[in-house]
file query-v8.cif (mmCIF, C-alpha atoms and all ligand atoms)
data_input
loop_
_atom_site.label_atom_id
_atom_site.label_comp_id
_atom_site.auth_asym_id
_atom_site.auth_seq_id
_atom_site.Cartn_x
_atom_site.Cartn_y
_atom_site.Cartn_z
CA MET A 1 20.17 30.38 -20.38
CA ILE A 2 17.74 27.53 -21.04
CA SER A 3 14.17 28.02 -19.83
CA LEU A 4 11.72 25.12 -19.71
CA ASN A 5 8.34 24.57 -18.13
CA VAL A 6 7.73 21.49 -16.05
CA SER A 7 5.37 19.13 -17.87
CA GLU A 8 1.77 19.31 -16.73
CA ARG A 9 1.97 15.55 -16.16
CA SER A 10 4.64 15.70 -13.51
CA SER A 11 3.30 18.83 -11.84
CA THR A 12 0.13 16.88 -10.96
CA ILE A 13 1.98 14.37 -8.80
CA SER A 14 1.51 14.65 -5.06
CA TYR A 15 2.30 12.15 -2.32
CA ALA A 16 1.10 13.25 1.10
CA ILE A 17 3.11 10.62 2.96
CA ARG A 18 6.37 12.19 1.87
CA ASP A 19 5.28 15.84 1.57
CA VAL A 20 4.72 16.16 5.30
CA VAL A 21 8.27 14.94 5.88
CA GLU A 22 9.64 18.16 4.38
CA TYR A 23 8.19 20.13 7.24
CA ALA A 24 9.56 17.64 9.80
CA ARG A 25 13.00 18.00 8.18
CA LYS A 26 12.90 21.74 8.73
CA LEU A 27 12.21 21.20 12.42
CA GLU A 28 15.00 18.63 12.60
CA SER A 29 17.43 21.05 11.03
CA LYS A 30 16.69 23.36 13.96
CA GLY A 31 17.60 20.60 16.41
CA ASP A 32 14.18 19.06 17.15
CA GLN A 33 13.94 15.27 17.61
CA ILE A 34 10.91 13.99 15.73
CA LEU A 35 9.09 10.76 16.51
CA LYS A 36 8.07 9.52 13.08
CA LEU A 37 4.86 7.53 12.80
CA ASN A 38 4.30 8.51 9.21
CA ILE A 39 5.94 5.89 7.06
CA GLY A 40 5.23 2.20 6.55
CA ASP A 41 8.84 1.12 6.68
CA PRO A 42 9.36 -1.57 9.35
CA LEU A 43 13.13 -1.15 9.09
CA LYS A 44 12.83 2.27 10.73
CA PHE A 45 11.71 0.42 13.86
CA ASP A 46 12.81 -2.78 15.61
CA PHE A 47 12.42 -5.05 12.58
CA ASN A 48 15.31 -6.47 10.58
CA THR A 49 15.49 -8.06 7.15
CA PRO A 50 15.75 -11.85 7.66
CA GLU A 51 19.39 -12.89 7.77
CA PRO A 52 19.16 -15.64 5.12
CA MET A 53 17.95 -13.01 2.64
CA VAL A 54 20.85 -10.69 3.45
CA ASP A 55 23.35 -13.56 3.19
CA ALA A 56 21.85 -14.53 -0.17
CA ILE A 57 22.41 -11.12 -1.73
CA ILE A 58 25.92 -10.82 -0.30
CA ASN A 59 26.75 -14.19 -1.75
CA ALA A 60 25.15 -13.28 -5.07
CA ALA A 61 27.22 -10.09 -5.29
CA LYS A 62 30.42 -11.92 -4.34
CA THR A 63 29.86 -14.60 -6.94
CA ASN A 64 29.50 -11.93 -9.58
CA PHE A 65 25.77 -12.20 -10.05
CA ASN A 66 25.84 -8.52 -10.87
CA GLY A 67 24.82 -8.40 -14.49
CA TYR A 68 21.48 -7.35 -15.93
CA GLU A 69 18.69 -9.72 -14.99
CA ASP A 70 16.10 -10.94 -17.50
CA SER A 71 13.58 -8.15 -18.19
CA LEU A 72 10.64 -10.22 -17.00
CA GLY A 73 12.49 -11.26 -13.86
CA ASN A 74 14.73 -14.01 -12.51
CA PRO A 75 13.22 -17.26 -13.86
CA GLU A 76 13.64 -19.10 -10.55
CA LEU A 77 11.90 -16.30 -8.68
CA ARG A 78 9.04 -16.20 -11.19
CA LYS A 79 8.60 -19.94 -10.81
CA ILE A 80 8.52 -19.74 -7.00
CA ILE A 81 6.00 -16.91 -7.13
CA ALA A 82 3.80 -18.78 -9.61
CA GLU A 83 3.79 -21.67 -7.13
CA ARG A 84 2.98 -19.32 -4.22
CA GLU A 85 0.11 -17.73 -6.12
CA SER A 86 -1.20 -21.10 -7.34
CA LYS A 87 -1.18 -22.47 -3.80
CA ASN A 88 -2.76 -19.44 -2.12
CA ASN A 89 -4.98 -17.98 -4.81
CA GLY A 90 -5.58 -19.61 -8.16
CA LYS A 91 -3.70 -21.73 -10.67
CA ILE A 92 -1.20 -19.63 -12.51
CA TYR A 93 1.83 -20.35 -14.66
CA PHE A 94 5.40 -19.08 -14.78
CA GLU A 95 4.55 -16.97 -17.89
CA ASP A 96 1.89 -15.12 -15.91
CA VAL A 97 4.32 -13.67 -13.37
CA VAL A 98 6.73 -10.78 -13.93
CA ILE A 99 9.10 -9.07 -11.52
CA THR A 100 9.05 -5.31 -11.06
CA SER A 101 11.04 -2.78 -9.07
CA GLY A 102 8.44 -2.85 -6.34
CA VAL A 103 4.68 -2.72 -6.69
CA THR A 104 5.11 0.96 -7.45
CA GLU A 105 6.74 0.21 -10.79
CA GLY A 106 3.94 -2.26 -11.50
CA VAL A 107 1.40 0.53 -11.07
CA GLN A 108 3.25 2.70 -13.57
CA LEU A 109 3.55 -0.16 -16.06
CA VAL A 110 -0.07 -1.24 -15.99
CA PHE A 111 -1.45 2.28 -16.15
CA GLY A 112 1.06 3.03 -18.91
CA ALA A 113 -0.31 0.11 -20.92
CA THR A 114 -4.03 0.63 -20.27
CA LEU A 115 -4.91 4.28 -19.79
CA GLU A 116 -5.63 6.97 -22.33
CA PRO A 117 -6.47 10.58 -21.45
CA GLY A 118 -10.05 10.75 -20.21
CA ASP A 119 -10.17 7.14 -19.00
CA GLU A 120 -11.31 6.50 -15.46
CA VAL A 121 -9.93 4.27 -12.74
CA LEU A 122 -11.96 3.44 -9.64
CA VAL A 123 -9.79 3.78 -6.54
CA PRO A 124 -10.69 3.29 -2.88
CA GLY A 125 -11.28 6.33 -0.70
CA PRO A 126 -9.30 6.46 1.48
CA GLY A 127 -6.51 4.63 -0.32
CA TYR A 128 -2.81 4.51 -1.02
CA PRO A 129 -2.11 7.64 -3.10
CA THR A 130 0.20 6.12 -5.73
CA TYR A 131 -2.81 4.90 -7.71
CA THR A 132 -4.34 8.36 -7.90
CA SER A 133 -1.00 9.99 -8.73
CA TYR A 134 -0.13 7.65 -11.58
CA ALA A 135 -3.62 7.54 -13.06
CA THR A 136 -3.45 11.35 -13.23
CA PHE A 137 0.10 11.22 -14.59
CA PHE A 138 -1.17 9.22 -17.57
CA GLY A 139 -3.97 11.71 -18.22
CA ALA A 140 -6.73 9.55 -16.73
CA ASN A 141 -9.15 10.46 -13.96
CA PRO A 142 -9.01 8.58 -10.69
CA ILE A 143 -12.55 8.26 -9.37
CA THR A 144 -12.84 7.53 -5.69
CA TYR A 145 -15.35 4.98 -4.41
CA ARG A 146 -16.48 5.24 -0.82
CA THR A 147 -15.45 2.96 2.00
CA ILE A 148 -17.56 3.08 5.14
CA GLU A 149 -15.92 3.83 8.47
CA SER A 150 -18.85 2.61 10.59
CA GLU A 151 -18.57 -0.76 8.81
CA ASN A 152 -14.87 -1.15 9.48
CA TRP A 153 -14.10 0.70 6.26
CA ASN A 154 -15.81 -1.91 4.12
CA ILE A 155 -16.41 -1.03 0.48
CA ASP A 156 -19.67 0.72 -0.37
CA VAL A 157 -20.39 -1.49 -3.36
CA GLU A 158 -23.43 0.53 -4.44
CA ASP A 159 -21.34 3.69 -4.49
CA LEU A 160 -18.64 1.93 -6.50
CA LYS A 161 -21.21 0.71 -9.01
CA SER A 162 -22.84 4.13 -9.32
CA LYS A 163 -19.50 5.65 -10.32
CA ILE A 164 -18.93 3.40 -13.33
CA THR A 165 -19.15 5.20 -16.68
CA ASN A 166 -18.31 4.33 -20.29
CA ASN A 167 -14.79 5.57 -19.56
CA THR A 168 -14.12 3.26 -16.60
CA LYS A 169 -11.27 0.84 -17.27
CA CYS A 170 -10.58 -0.89 -13.99
CA ILE A 171 -11.25 -1.19 -10.27
CA VAL A 172 -8.35 -0.93 -7.82
CA LEU A 173 -8.63 -2.94 -4.60
CA ILE A 174 -6.12 -2.49 -1.78
CA ASN A 175 -6.56 -5.45 0.52
CA PRO A 176 -5.67 -5.17 3.38
CA ASN A 177 -6.12 -1.47 2.93
CA ASN A 178 -3.57 1.25 3.48
CA PRO A 179 -4.46 3.48 5.37
CA THR A 180 -7.61 2.03 6.98
CA GLY A 181 -6.51 -1.50 7.93
CA ALA A 182 -9.70 -2.90 6.35
CA MET A 183 -9.79 -6.47 5.11
CA TYR A 184 -12.48 -7.30 2.57
CA LYS A 185 -14.86 -10.18 3.07
CA LYS A 186 -15.58 -12.80 0.44
CA LYS A 187 -19.13 -11.57 -0.09
CA CYS A 188 -17.97 -8.02 -0.84
CA LEU A 189 -15.33 -9.31 -3.26
CA GLU A 190 -17.94 -11.50 -4.94
CA GLU A 191 -20.16 -8.48 -5.53
CA ILE A 192 -17.27 -6.56 -7.03
CA LEU A 193 -16.34 -9.46 -9.30
CA ASP A 194 -19.95 -9.56 -10.53
CA ILE A 195 -19.78 -5.85 -11.30
CA ALA A 196 -16.51 -6.36 -13.18
CA ILE A 197 -18.20 -9.02 -15.31
CA ASP A 198 -21.28 -6.88 -15.98
CA TYR A 199 -19.26 -3.83 -17.00
CA ASP A 200 -16.23 -5.51 -18.64
CA LEU A 201 -13.68 -4.13 -16.21
CA PHE A 202 -10.42 -5.60 -15.03
CA ILE A 203 -9.30 -5.58 -11.41
CA ILE A 204 -6.02 -4.55 -9.85
CA SER A 205 -5.67 -6.29 -6.50
CA ASP A 206 -2.87 -4.82 -4.39
CA GLU A 207 -2.02 -7.53 -1.88
CA ILE A 208 1.30 -6.21 -0.58
CA TYR A 209 0.06 -6.79 3.01
CA ASP A 210 -1.64 -10.16 2.34
CA ARG A 211 0.19 -12.05 5.10
CA ILE A 212 -0.23 -9.25 7.65
CA SER A 213 -3.72 -10.37 8.57
CA PHE A 214 -4.62 -10.45 12.27
CA ASN A 215 -7.35 -13.06 12.07
CA ASN A 216 -6.22 -15.01 9.02
CA SER A 217 -9.14 -13.70 7.03
CA PHE A 218 -7.35 -12.54 3.91
CA VAL A 219 -9.02 -13.62 0.67
CA SER A 220 -7.71 -12.76 -2.77
CA PRO A 221 -10.27 -12.12 -5.52
CA ALA A 222 -8.04 -14.22 -7.79
CA SER A 223 -9.03 -17.27 -5.76
CA MET A 224 -12.70 -16.68 -6.57
CA THR A 225 -13.00 -16.36 -10.34
CA ASP A 226 -11.69 -17.78 -13.58
CA GLU A 227 -13.51 -15.15 -15.58
CA VAL A 228 -12.49 -11.66 -14.43
CA PRO A 229 -9.05 -10.44 -15.52
CA ILE A 230 -7.13 -9.63 -12.35
CA LEU A 231 -3.69 -8.23 -11.92
CA THR A 232 -2.38 -9.13 -8.49
CA PHE A 233 0.40 -6.96 -7.06
CA ASN A 234 2.65 -8.18 -4.29
CA GLY A 235 6.28 -8.18 -3.23
CA ILE A 236 8.85 -8.43 -0.47
CA SER A 237 8.81 -4.81 0.78
CA LYS A 238 6.54 -5.34 3.76
CA ILE A 239 6.13 -9.04 4.44
CA TYR A 240 9.79 -9.90 4.07
CA LEU A 241 11.02 -6.64 5.51
CA ALA A 242 12.99 -5.43 2.51
CA PRO A 243 11.34 -2.23 1.18
CA GLY A 244 14.67 -0.79 0.05
CA TRP A 245 15.42 -3.71 -2.23
CA ARG A 246 12.62 -2.72 -4.59
CA VAL A 247 11.36 -6.15 -5.59
CA GLY A 248 7.70 -6.71 -6.38
CA TYR A 249 5.67 -8.74 -8.81
CA MET A 250 2.57 -8.77 -10.97
CA ALA A 251 0.53 -11.91 -11.51
CA PHE A 252 -1.85 -11.99 -14.47
CA TYR A 253 -5.02 -13.98 -13.79
CA ASN A 254 -7.59 -14.74 -16.53
CA TRP A 255 -5.80 -12.43 -18.90
CA ASP A 256 -6.38 -14.37 -22.16
CA THR A 257 -8.67 -11.80 -23.75
CA LEU A 258 -6.37 -8.95 -22.75
CA PHE A 259 -3.23 -10.44 -24.29
CA GLU A 260 -2.43 -7.20 -26.15
CA ILE A 261 -2.28 -5.30 -22.88
CA LYS A 262 -0.08 -7.99 -21.40
CA GLU A 263 2.22 -7.67 -24.41
CA GLY A 264 2.25 -3.87 -23.93
CA ILE A 265 3.38 -4.37 -20.35
CA MET A 266 6.06 -6.83 -21.52
CA LYS A 267 7.36 -4.20 -23.95
CA GLU A 268 7.54 -1.65 -21.16
CA LEU A 269 9.38 -4.18 -19.00
CA ARG A 270 11.94 -4.75 -21.73
CA ALA A 271 12.38 -1.02 -22.33
CA ARG A 272 13.28 -0.42 -18.68
CA ILE A 273 15.79 -3.34 -18.81
CA ALA A 274 15.28 -5.21 -15.52
CA ALA A 275 14.71 -5.14 -11.78
CA ASN A 276 17.71 -5.41 -9.44
CA SER A 277 19.51 -8.73 -9.97
CA ILE A 278 20.94 -9.53 -6.54
CA CYS A 279 17.83 -8.38 -4.69
CA GLN A 280 15.83 -10.89 -6.71
CA VAL A 281 18.16 -13.57 -5.37
CA GLY A 282 17.31 -12.25 -1.89
CA ALA A 283 13.63 -12.55 -2.77
CA ILE A 284 14.09 -16.20 -3.81
CA GLU A 285 15.53 -16.85 -0.34
CA ALA A 286 12.62 -14.98 1.25
CA TYR A 287 10.00 -17.20 -0.37
CA LYS A 288 12.06 -20.37 0.15
CA SER A 289 13.13 -20.14 3.76
CA CYS A 290 11.84 -17.09 5.64
CA GLU A 291 8.31 -18.08 6.67
CA LYS A 292 9.22 -18.11 10.37
CA TYR A 293 10.25 -14.44 10.23
CA VAL A 294 6.85 -13.55 8.77
CA VAL A 295 5.03 -15.38 11.56
CA GLU A 296 7.14 -13.57 14.18
CA MET A 297 6.55 -10.18 12.60
CA VAL A 298 2.79 -10.66 12.28
CA SER A 299 2.53 -11.72 15.92
CA LYS A 300 4.43 -8.58 17.02
CA LEU A 301 2.30 -6.38 14.78
CA LYS A 302 -0.95 -7.88 16.05
CA GLU A 303 -0.04 -7.01 19.63
CA ARG A 304 1.00 -3.51 18.62
CA SER A 305 -2.14 -2.92 16.55
CA GLU A 306 -4.28 -3.91 19.53
CA PHE A 307 -2.39 -1.54 21.79
CA ALA A 308 -2.74 1.34 19.30
CA TYR A 309 -6.47 0.65 18.91
CA LYS A 310 -7.09 0.60 22.66
CA ARG A 311 -4.86 3.54 23.58
CA LEU A 312 -6.07 5.84 20.81
CA ASN A 313 -9.71 5.19 21.69
CA GLU A 314 -8.98 6.33 25.27
CA ILE A 315 -8.08 9.82 24.06
CA PRO A 316 -10.94 12.31 24.18
CA GLY A 317 -11.70 13.54 20.67
CA ILE A 318 -10.11 10.53 18.95
CA SER A 319 -11.92 7.40 17.83
CA THR A 320 -10.75 4.57 15.65
CA THR A 321 -11.78 1.31 14.04
CA LYS A 322 -9.70 -1.78 14.63
CA PRO A 323 -7.14 -2.59 11.95
CA MET A 324 -7.60 -6.13 10.63
CA GLY A 325 -4.27 -6.16 8.83
CA GLY A 326 -1.46 -4.08 7.36
CA LEU A 327 0.68 -1.58 9.22
CA TYR A 328 -1.67 1.35 9.79
CA ILE A 329 -4.44 2.73 11.94
CA PHE A 330 -6.70 5.53 10.71
CA PRO A 331 -8.37 7.42 13.59
CA LYS A 332 -10.94 10.16 13.33
CA VAL A 333 -10.33 13.48 15.08
CA GLU A 334 -13.01 15.77 16.39
CA LEU A 335 -11.60 18.95 14.90
CA GLU A 336 -14.50 21.14 16.06
CA LYS A 337 -13.36 24.75 15.80
CA ARG A 338 -9.89 23.92 17.07
CA TRP A 339 -8.31 23.14 13.75
CA LYS A 340 -9.31 24.21 10.26
CA ASP A 341 -8.73 20.71 8.86
CA ASP A 342 -6.81 17.50 9.41
CA LYS A 343 -3.71 18.92 7.73
CA GLU A 344 -3.54 21.83 10.17
CA PHE A 345 -4.08 19.33 13.00
CA VAL A 346 -1.16 17.15 11.88
CA TYR A 347 1.18 20.08 11.29
CA GLU A 348 0.36 21.71 14.63
CA PHE A 349 0.77 18.43 16.50
CA LEU A 350 4.16 18.04 14.84
CA ARG A 351 5.21 21.57 15.73
CA MET A 352 4.02 21.34 19.34
CA LYS A 353 4.69 17.71 20.26
CA LYS A 354 7.28 16.60 17.70
CA VAL A 355 5.33 13.57 16.49
CA LEU A 356 4.86 13.08 12.77
CA LEU A 357 1.57 11.63 11.45
CA VAL A 358 -0.02 11.86 8.00
CA HIS A 359 -3.20 13.84 7.44
CA GLY A 360 -6.13 11.71 6.31
CA SER A 361 -7.11 13.98 3.44
CA GLY A 362 -3.79 12.99 1.80
CA PHE A 363 -5.42 9.57 1.25
CA CYS A 364 -8.70 11.02 0.02
CA PRO A 365 -9.96 14.59 0.41
CA VAL A 366 -13.57 13.36 0.73
CA TYR A 367 -13.57 10.11 2.71
CA GLY A 368 -10.23 10.59 4.47
CA LYS A 369 -10.69 14.09 5.82
CA ASP A 370 -10.85 14.65 9.60
CA HIS A 371 -8.56 11.65 10.10
CA PHE A 372 -4.89 10.90 10.43
CA ARG A 373 -2.81 7.84 9.71
CA SER A 374 -0.31 6.39 12.13
CA VAL A 375 1.81 3.28 11.78
CA PHE A 376 1.74 0.77 14.63
CA LEU A 377 5.26 -0.40 13.88
CA PRO A 378 7.02 1.08 16.96
CA THR A 379 7.37 -0.73 20.26
CA ILE A 380 4.53 -0.29 22.74
CA GLU A 381 6.74 2.01 24.86
CA VAL A 382 7.37 4.33 21.91
CA MET A 383 3.69 4.34 20.94
CA GLU A 384 2.69 5.02 24.56
CA ASP A 385 4.98 8.05 24.51
CA ALA A 386 3.56 9.28 21.17
CA PHE A 387 -0.08 8.77 22.13
CA THR A 388 0.41 10.39 25.54
CA ARG A 389 1.75 13.43 23.71
CA LEU A 390 -1.36 13.28 21.52
CA GLU A 391 -3.60 13.11 24.57
CA GLU A 392 -1.88 16.16 26.10
CA PHE A 393 -2.19 17.99 22.80
CA MET A 394 -5.91 17.25 22.53
CA LYS A 395 -6.58 18.28 26.11
CA ALA A 396 -4.59 21.51 25.84
CA LYS A 397 -6.64 22.96 23.02
C1 LIG B 1 -0.90 -0.50 -0.69
C2 LIG B 1 0.53 -0.33 -1.07
N1 LIG B 1 0.97 -0.74 -2.28
C3 LIG B 1 2.24 -0.60 -2.63
C4 LIG B 1 3.18 -0.03 -1.79
C5 LIG B 1 4.58 0.13 -2.26
O1 LIG B 1 5.11 -1.13 -2.55
P1 LIG B 1 6.58 -1.33 -3.12
O2 LIG B 1 7.56 -1.05 -2.03
O3 LIG B 1 6.60 -2.77 -3.53
O4 LIG B 1 6.72 -0.40 -4.27
C6 LIG B 1 2.79 0.42 -0.54
C7 LIG B 1 3.75 1.09 0.36
O5 LIG B 1 3.45 1.61 1.40
C8 LIG B 1 1.43 0.27 -0.17
O6 LIG B 1 0.98 0.67 1.01
#
call {"tool": "encode", "arguments": {"input": "query-v8.cif", "output": "structure tokens"}}
result
Amino acid sequence: MISLNVSERSSTISYAIRDVVEYARKLESKGDQILKLNIGDPLKFDFNTPEPMVDAIINAAKTNFNGYEDSLGNPELRKIIAERESKNNGKIYFEDVVITSGVTEGVQLVFGATLEPGDEVLVPGPGYPTYTSYATFFGANPITYRTIESENWNIDVEDLKSKITNNTKCIVLINPNNPTGAMYKKKCLEEILDIAIDYDLFIISDEIYDRISFNNSFVSPASMTDEVPILTFNGISKIYLAPGWRVGYMAFYNWDTLFEIKEGIMKELRARIAANSICQVGAIEAYKSCEKYVVEMVSKLKERSEFAYKRLNEIPGISTTKPMGGLYIFPKVELEKRWKDDKEFVYEFLRMKKVLLVHGSGFCPVYGKDHFRSVFLPTIEVMEDAFTRLEEFMKAK
């Protein structure tokens, strides 16, 4: 019988957002009904993919548009995205945009092309765990820079700077941030761009929630420099309500001096053949005709984020900053001696009250601990039910 060890690379991967689901599944298999506030998938709630997008992929499939797509992406889609980026951020050309199977594939590709064992990547703490997982997967060390809760989770630029070493390759920005809902101001981004210039670093700017901004304050660093190499990540998963279609993109800004890395990414893109063909047709429709659905969704989410912020702050032992964008709220819990840590808190709340959250330390063991993440995607009635259960749970212990 064959015996093989799992590679060290893959055994390092962890993803708190999904891990906690395993425990919920066990409860469900025993007949429990779980209210899931753990995952940033609008389709699990009262949001639907815009109809014109759905019609577009049905039509594409029926007209036999089912072959392999170009490795770098559907040319029409790349052109539309180059126009979108040029209009919103900074002038960019068709050749600077490539289509990936979601932002997640983009993360793998860029780290695959840039990181060697021992390299360091600066990631936000707390932050979306994919960056940490894939940096580790490629043998590099993710180094967490602090974000400050009392300043609406703004970036501690001094801390970020102090963590740069000779091994640092890039700075990851997640803006608006998952899980904190922070939106970074121009001044903060300016300071980070200056640091990138001083230390010869490139920037990854994850802008998957760019349009989900509650006071229209989103600024992309790509709109502010023609010097710093920036790789902007975005896609249709959140804004156009199609996470299952797996369509994202990378836009290369100011990448002239890093052309070899760009070519490395192109080679990786060719080796993995292509992103989904018909879903890219759906994405073309999204960017062409679905603006009104985005406006509707953002207005619904704004109301829900305000409810979550107000209601959670009413609960003794819970306090939270106000999300400025995205899909998440990241409250602090006074654990005192009641729970060993945020993970125990989340698991016990699940067991007792059948509501699934994600423990904050899953987003950063240092700056995320003693917190949890909830989505504010459900209707106000559903959130009221969930947060009332949380209030009862806090009071009972
Ligand atoms: C910050 C951030 N980036 C990327 C993703 C995943 O994007 P995609 O569905 O395009 O792979 C998520 C999903 O939650 C996210 O929060």
call {"tool": "closest_atom_pairs", "arguments": {"input": "query-v8.cif", "of": "chain A", "to": "ligand LIG 1 (chain B)", "cutoff": "7 Å", "atoms": "only C-alpha atoms and all ligand atoms", "output": "CSV"}}
result
residue,atom,partner,partner_atom,distance
A:Gly40,CA,B:LIG1,O5,5.5
A:Ser101,CA,B:LIG1,O4,6.9
A:Gly102,CA,B:LIG1,O3,3.4
A:Val103,CA,B:LIG1,O3,3.7
A:Thr104,CA,B:LIG1,O4,3.8
A:Glu105,CA,B:LIG1,O4,6.5
A:Tyr128,CA,B:LIG1,C1,5.4
A:Ile174,CA,B:LIG1,C1,5.7
A:Asn177,CA,B:LIG1,C1,6.4
A:Asn178,CA,B:LIG1,O6,5.2
A:Asp206,CA,B:LIG1,N1,6.0
A:Ile208,CA,B:LIG1,N1,5.7
A:Asn234,CA,B:LIG1,O3,6.7
A:Gly235,CA,B:LIG1,O3,5.4
A:Ile236,CA,B:LIG1,O3,6.8
A:Ser237,CA,B:LIG1,O2,4.9
A:Pro243,CA,B:LIG1,O2,5.1
A:Arg246,CA,B:LIG1,O2,5.9
A:Val247,CA,B:LIG1,O3,6.2
A:Gly248,CA,B:LIG1,O3,5.0
call {"tool": "residues_around", "arguments": {"input": "query-v8.cif", "residues": "A:Glu344", "least_positions_apart": "2", "cutoff": "12 Å", "atoms": "only C-alpha atoms", "output": "list in words"}}
result
Val20, Val333, Leu335, Lys337, Arg338, Trp339, Lys340, Asp341, Asp342, Val346, Tyr347, Glu348, Phe349, Leu350, Arg351, Met352, Leu357, Val358, His359, Gly360, Ser361, Lys369, Asp370, His371 and Phe372 of chain A
call {"tool": "atom_distance", "arguments": {"input": "query-v8.cif", "atom1": "atom CA of A:Phe345", "atom2": "atom CA of A:Lys44"}}
result
24.1 Å
call {"tool": "closest_residue", "arguments": {"input": "query-v8.cif", "among": "A:Phe307, A:Lys302, A:Tyr93, A:Gly368", "to": "A:Gly125", "atoms": "all atoms listed in the file"}}
result
A:Gly368
call {"tool": "residues_near_point", "arguments": {"input": "query-v8.cif", "point": "(3.2, 8.1, 21.0)", "cutoff": "12 Å", "atoms": "only C-alpha atoms", "output": "ChimeraX atom specification"}}
result
/A:34-38,307-308,311-312,315,349-350,353-357,374-393
call {"tool": "atom_distance", "arguments": {"input": "query-v8.cif", "atom1": "atom CA of A:Tyr145", "atom2": "atom CA of A:Leu173"}}
result
10.4 Å
call {"tool": "residues_near_point", "arguments": {"input": "query-v8.cif", "point": "(1.0, -4.7, -17.9)", "cutoff": "10 Å", "atoms": "all atoms listed in the file", "output": "ChimeraX atom specification"}}
result
/A:98,106-114,231,250-252,258-269
call {"tool": "closest_residue", "arguments": {"input": "query-v8.cif", "among": "A:Ala222, A:Val157, A:Ala135, A:Val281", "to": "A:Leu115", "atoms": "all atoms listed in the file"}}
result
A:Ala135
call {"tool": "atom_distance", "arguments": {"input": "query-v8.cif", "atom1": "atom CA of A:Tyr184", "atom2": "atom CA of A:Ile212"}}
result
13.4 Å
call {"tool": "closest_residue", "arguments": {"input": "query-v8.cif", "among": "A:Lys169, A:Ile155, A:Pro75, A:Cys188", "to": "A:Asp96", "atoms": "only C-alpha atoms"}}
result
A:Pro75
call {"tool": "residues_around", "arguments": {"input": "query-v8.cif", "residues": "A:Ile99", "least_positions_apart": "3", "cutoff": "6 Å", "atoms": "only C-alpha atoms", "output": "VMD selection string"}}
result
chain A and resid 72 to 73 248 to 249
call {"tool": "residues_around", "arguments": {"input": "query-v8.cif", "residues": "A:Ser217", "least_positions_apart": "5", "cutoff": "9 Å", "atoms": "all atoms listed in the file", "output": "MDAnalysis selection string"}}
result
chainID A and resid 183:185 324
call {"tool": "write_last_selection", "arguments": {"input": "query-v8.cif", "atoms": "C-alpha atoms", "output": "PDB file, keeping the file's coordinate frame"}}
result
ATOM      1  CA  MET A 183      -9.790  -6.470   5.110  1.00  0.00           C
ATOM      2  CA  TYR A 184     -12.480  -7.300   2.570  1.00  0.00           C
ATOM      3  CA  LYS A 185     -14.860 -10.180   3.070  1.00  0.00           C
ATOM      4  CA  MET A 324      -7.600  -6.130  10.630  1.00  0.00           C
TER       5      MET A 324
END
